[in-house]
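Source file: target-v4.cif (mmCIF, C-alpha atoms)
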```
data_work
loop_
_atom_site.group_PDB
_atom_site.id
_atom_site.type_symbol
_atom_site.label_atom_id
_atom_site.label_comp_id
_atom_site.auth_asym_id
_atom_site.auth_seq_id
_atom_site.Cartn_x
_atom_site.Cartn_y
_atom_site.Cartn_z
ATOM 1 C CA MET N 26 69.942 40.096 108.392
ATOM 2 C CA PRO N 27 71.969 41.727 105.541
ATOM 3 C CA ASP N 28 69.339 40.521 103.033
ATOM 4 C CA VAL N 29 66.641 42.428 104.880
ATOM 5 C CA ILE N 30 68.702 45.629 104.812
ATOM 6 C CA ALA N 31 69.447 45.256 101.085
ATOM 7 C CA ASN N 32 65.786 44.562 100.351
ATOM 8 C CA LEU N 33 64.725 47.615 102.368
ATOM 9 C CA ALA N 34 67.262 49.820 100.553
ATOM 10 C CA LEU N 35 66.108 48.602 97.131
ATOM 11 C CA THR N 36 62.472 49.128 98.101
ATOM 12 C CA HIS N 37 63.200 52.785 98.842
ATOM 13 C CA LEU N 38 65.422 53.376 95.787
ATOM 14 C CA VAL N 39 63.204 51.864 93.083
ATOM 15 C CA PRO N 40 60.431 54.503 93.309
ATOM 16 C CA LEU N 41 63.056 57.263 93.150
ATOM 17 C CA ALA N 42 64.592 55.820 89.985
ATOM 18 C CA ALA N 43 61.190 55.326 88.376
ATOM 19 C CA THR N 44 60.145 58.938 88.922
ATOM 20 C CA GLU N 45 63.379 60.380 87.463
ATOM 21 C CA VAL N 46 63.212 58.542 84.105
ATOM 22 C CA ASP N 47 61.321 60.368 81.391
ATOM 23 C CA GLU N 48 60.077 57.848 78.811
ATOM 24 C CA ASP N 49 60.446 60.377 75.954
ATOM 25 C CA LYS N 50 64.081 61.291 76.707
ATOM 26 C CA VAL N 51 65.785 57.950 77.298
ATOM 27 C CA THR N 52 69.103 57.707 75.388
ATOM 28 C CA PRO N 53 71.858 55.097 75.276
ATOM 29 C CA GLY N 54 74.256 57.543 76.897
ATOM 30 C CA VAL N 55 78.013 57.320 77.178
ATOM 31 C CA LEU N 56 78.050 53.596 77.925
ATOM 32 C CA GLY N 57 76.089 52.876 74.735
ATOM 33 C CA PHE N 58 78.532 54.962 72.717
ATOM 34 C CA ILE N 59 81.544 53.200 74.255
ATOM 35 C CA VAL N 60 80.085 49.750 73.520
ATOM 36 C CA PHE N 61 79.289 50.774 69.930
ATOM 37 C CA ALA N 62 82.775 52.233 69.414
ATOM 38 C CA VAL N 63 84.462 49.084 70.744
ATOM 39 C CA MET N 64 82.341 46.909 68.460
ATOM 40 C CA ALA N 65 83.147 49.138 65.478
ATOM 41 C CA LEU N 66 86.889 48.918 66.207
ATOM 42 C CA ALA N 67 86.634 45.132 66.539
ATOM 43 C CA VAL N 68 84.881 44.836 63.161
ATOM 44 C CA TRP N 69 87.466 47.125 61.562
ATOM 45 C CA GLY N 70 90.305 45.002 62.970
ATOM 46 C CA LEU N 71 88.670 41.775 61.793
ATOM 47 C CA MET N 72 88.150 43.169 58.283
ATOM 48 C CA LYS N 73 91.777 44.327 58.119
ATOM 49 C CA SER N 74 92.979 40.884 59.226
ATOM 50 C CA MET N 75 90.669 39.161 56.726
ATOM 51 C CA ASN N 76 92.000 41.291 53.859
ATOM 52 C CA LYS N 77 95.581 40.445 54.843
ATOM 53 C CA HIS N 78 94.814 36.722 54.868
ATOM 54 C CA MET N 79 92.845 36.868 51.611
ATOM 55 C CA ARG N 80 95.839 38.453 49.842
ATOM 56 C CA LYS N 81 97.900 35.379 50.756
ATOM 57 C CA VAL N 82 95.432 32.940 49.157
ATOM 58 C CA ASP N 83 96.442 31.593 45.737
ATOM 59 C CA PHE N 84 93.266 31.366 43.666
ATOM 60 C CA LYS N 85 94.924 29.806 40.610
ATOM 61 C CA GLU N 86 94.075 26.143 40.301
ATOM 62 C CA LYS N 87 97.056 23.875 39.796
ATOM 63 C CA SER N 88 96.773 21.671 36.739
ATOM 64 C CA ALA N 89 96.559 17.892 37.166
ATOM 65 C CA GLU N 90 98.920 17.176 34.226
ATOM 66 C CA PRO N 91 102.254 17.265 36.130
ATOM 67 C CA ALA N 92 100.885 14.787 38.649
ATOM 68 C CA ALA N 93 99.919 12.399 35.845
ATOM 69 C CA GLU N 94 103.412 12.691 34.296
ATOM 70 C CA ASP N 95 105.030 11.927 37.672
ATOM 71 C CA ARG N 96 103.023 8.699 37.895
ATOM 72 C CA ARG N 97 104.155 7.575 34.437
ATOM 73 C CA THR N 98 107.836 8.208 35.118
ATOM 74 C CA SER N 99 107.871 6.478 38.517
ATOM 75 C CA ALA N 100 106.224 3.261 37.220
#
```
Mind turning the file's structure into structure tokens?
Amino acid sequence: MPDVIANLALTHLVPLAATEVDEDKVTPGVLGFIVFAVMALAVWGLMKSMNKHMRKVDFKEKSAEPAAEDRRTSA
């Protein structure tokens, strides 16, 4: 029985919602702005974290010569 009541309520509400929406004036609204702002803050935080981790990386390649000398002395 509750399904019938919900179906009846939706049947009456859908035409009301369809008549109120103007196709030329639809905007994302406040919810769209909040979602965009959260995504922008997340990207900013990820970029800040990436820069911190990239500063820790040592890009200088270690030479293979000390390893070869260690092999000669241990043999």
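Taking atom CA of N:Val63 and atom CA of N:Lys77 as the two end points, the separation is 21.2 Å.
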* Computed interatomic separation between atom CA of N:His78 and atom CA of N:Phe61 (Å) -> 25.8 Å
* For atom CA of N:Val60 and atom CA of N:Met72, quote the distance in Å rounded to one decimal. =>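 Between these atoms lies a distance of 18.5 Å.
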Atoms added to stretch 56-67 of chain N (all heavy atoms), reported as a PDB file, keeping the file's coordinate frame:
```
ATOM      1  N   LEU N  56      77.759  55.032  77.945  1.00  0.00           N
ATOM      2  CA  LEU N  56      78.050  53.596  77.925  1.00  0.00           C
ATOM      3  C   LEU N  56      77.645  52.980  76.585  1.00  0.00           C
ATOM      4  O   LEU N  56      78.389  52.179  76.017  1.00  0.00           O
ATOM      5  CB  LEU N  56      77.320  52.881  79.066  1.00  0.00           C
ATOM      6  CG  LEU N  56      77.562  51.383  79.155  1.00  0.00           C
ATOM      7  CD1 LEU N  56      79.038  51.107  79.419  1.00  0.00           C
ATOM      8  CD2 LEU N  56      76.704  50.776  80.236  1.00  0.00           C
ATOM      9  N   GLY N  57      76.510  53.372  76.044  1.00  0.00           N
ATOM     10  CA  GLY N  57      76.089  52.876  74.735  1.00  0.00           C
ATOM     11  C   GLY N  57      77.061  53.288  73.645  1.00  0.00           C
ATOM     12  O   GLY N  57      77.372  52.492  72.748  1.00  0.00           O
ATOM     13  N   PHE N  58      77.555  54.503  73.704  1.00  0.00           N
ATOM     14  CA  PHE N  58      78.532  54.962  72.717  1.00  0.00           C
ATOM     15  C   PHE N  58      79.839  54.182  72.829  1.00  0.00           C
ATOM     16  O   PHE N  58      80.425  53.798  71.812  1.00  0.00           O
ATOM     17  CB  PHE N  58      78.814  56.460  72.886  1.00  0.00           C
ATOM     18  CG  PHE N  58      79.900  56.951  71.986  1.00  0.00           C
ATOM     19  CD1 PHE N  58      79.659  57.142  70.636  1.00  0.00           C
ATOM     20  CD2 PHE N  58      81.172  57.198  72.479  1.00  0.00           C
ATOM     21  CE1 PHE N  58      80.671  57.579  69.787  1.00  0.00           C
ATOM     22  CE2 PHE N  58      82.183  57.633  71.655  1.00  0.00           C
ATOM     23  CZ  PHE N  58      81.931  57.827  70.303  1.00  0.00           C
ATOM     24  N   ILE N  59      80.285  53.934  74.056  1.00  0.00           N
ATOM     25  CA  ILE N  59      81.544  53.200  74.255  1.00  0.00           C
ATOM     26  C   ILE N  59      81.414  51.776  73.716  1.00  0.00           C
ATOM     27  O   ILE N  59      82.311  51.281  73.027  1.00  0.00           O
ATOM     28  CB  ILE N  59      81.948  53.217  75.737  1.00  0.00           C
ATOM     29  CG1 ILE N  59      82.358  54.634  76.149  1.00  0.00           C
ATOM     30  CG2 ILE N  59      83.066  52.233  76.018  1.00  0.00           C
ATOM     31  CD1 ILE N  59      82.562  54.814  77.629  1.00  0.00           C
ATOM     32  N   VAL N  60      80.300  51.115  74.011  1.00  0.00           N
ATOM     33  CA  VAL N  60      80.085  49.750  73.520  1.00  0.00           C
ATOM     34  C   VAL N  60      80.054  49.739  71.991  1.00  0.00           C
ATOM     35  O   VAL N  60      80.668  48.879  71.351  1.00  0.00           O
ATOM     36  CB  VAL N  60      78.790  49.160  74.108  1.00  0.00           C
ATOM     37  CG1 VAL N  60      78.407  47.860  73.417  1.00  0.00           C
ATOM     38  CG2 VAL N  60      78.939  48.949  75.599  1.00  0.00           C
ATOM     39  N   PHE N  61      79.366  50.693  71.387  1.00  0.00           N
ATOM     40  CA  PHE N  61      79.289  50.774  69.930  1.00  0.00           C
ATOM     41  C   PHE N  61      80.667  51.038  69.322  1.00  0.00           C
ATOM     42  O   PHE N  61      81.034  50.430  68.314  1.00  0.00           O
ATOM     43  CB  PHE N  61      78.313  51.884  69.518  1.00  0.00           C
ATOM     44  CG  PHE N  61      78.149  52.008  68.040  1.00  0.00           C
ATOM     45  CD1 PHE N  61      77.361  51.120  67.336  1.00  0.00           C
ATOM     46  CD2 PHE N  61      78.809  53.010  67.341  1.00  0.00           C
ATOM     47  CE1 PHE N  61      77.220  51.220  65.964  1.00  0.00           C
ATOM     48  CE2 PHE N  61      78.681  53.120  65.972  1.00  0.00           C
ATOM     49  CZ  PHE N  61      77.872  52.223  65.282  1.00  0.00           C
ATOM     50  N   ALA N  62      81.437  51.918  69.933  1.00  0.00           N
ATOM     51  CA  ALA N  62      82.775  52.233  69.414  1.00  0.00           C
ATOM     52  C   ALA N  62      83.701  51.022  69.511  1.00  0.00           C
ATOM     53  O   ALA N  62      84.468  50.754  68.576  1.00  0.00           O
ATOM     54  CB  ALA N  62      83.366  53.422  70.188  1.00  0.00           C
ATOM     55  N   VAL N  63      83.626  50.281  70.596  1.00  0.00           N
ATOM     56  CA  VAL N  63      84.462  49.084  70.744  1.00  0.00           C
ATOM     57  C   VAL N  63      84.077  48.044  69.696  1.00  0.00           C
ATOM     58  O   VAL N  63      84.941  47.419  69.078  1.00  0.00           O
ATOM     59  CB  VAL N  63      84.347  48.514  72.178  1.00  0.00           C
ATOM     60  CG1 VAL N  63      84.935  47.117  72.277  1.00  0.00           C
ATOM     61  CG2 VAL N  63      85.022  49.454  73.168  1.00  0.00           C
ATOM     62  N   MET N  64      82.786  47.872  69.477  1.00  0.00           N
ATOM     63  CA  MET N  64      82.341  46.909  68.460  1.00  0.00           C
ATOM     64  C   MET N  64      82.781  47.349  67.067  1.00  0.00           C
ATOM     65  O   MET N  64      83.186  46.524  66.245  1.00  0.00           O
ATOM     66  CB  MET N  64      80.821  46.746  68.518  1.00  0.00           C
ATOM     67  CG  MET N  64      80.366  45.976  69.736  1.00  0.00           C
ATOM     68  SD  MET N  64      78.583  45.884  69.956  1.00  0.00           S
ATOM     69  CE  MET N  64      78.008  45.360  68.387  1.00  0.00           C
ATOM     70  N   ALA N  65      82.719  48.640  66.781  1.00  0.00           N
ATOM     71  CA  ALA N  65      83.147  49.138  65.478  1.00  0.00           C
ATOM     72  C   ALA N  65      84.651  48.921  65.279  1.00  0.00           C
ATOM     73  O   ALA N  65      85.083  48.519  64.192  1.00  0.00           O
ATOM     74  CB  ALA N  65      82.803  50.622  65.346  1.00  0.00           C
ATOM     75  N   LEU N  66      85.442  49.158  66.302  1.00  0.00           N
ATOM     76  CA  LEU N  66      86.889  48.918  66.207  1.00  0.00           C
ATOM     77  C   LEU N  66      87.189  47.430  66.025  1.00  0.00           C
ATOM     78  O   LEU N  66      88.102  47.069  65.270  1.00  0.00           O
ATOM     79  CB  LEU N  66      87.602  49.449  67.446  1.00  0.00           C
ATOM     80  CG  LEU N  66      87.730  50.971  67.532  1.00  0.00           C
ATOM     81  CD1 LEU N  66      88.279  51.381  68.894  1.00  0.00           C
ATOM     82  CD2 LEU N  66      88.610  51.497  66.418  1.00  0.00           C
ATOM     83  N   ALA N  67      86.424  46.577  66.686  1.00  0.00           N
ATOM     84  CA  ALA N  67      86.634  45.132  66.539  1.00  0.00           C
ATOM     85  C   ALA N  67      86.313  44.685  65.118  1.00  0.00           C
ATOM     86  O   ALA N  67      87.058  43.901  64.518  1.00  0.00           O
ATOM     87  CB  ALA N  67      85.766  44.374  67.541  1.00  0.00           C
TER      88      ALA N  67
END
```
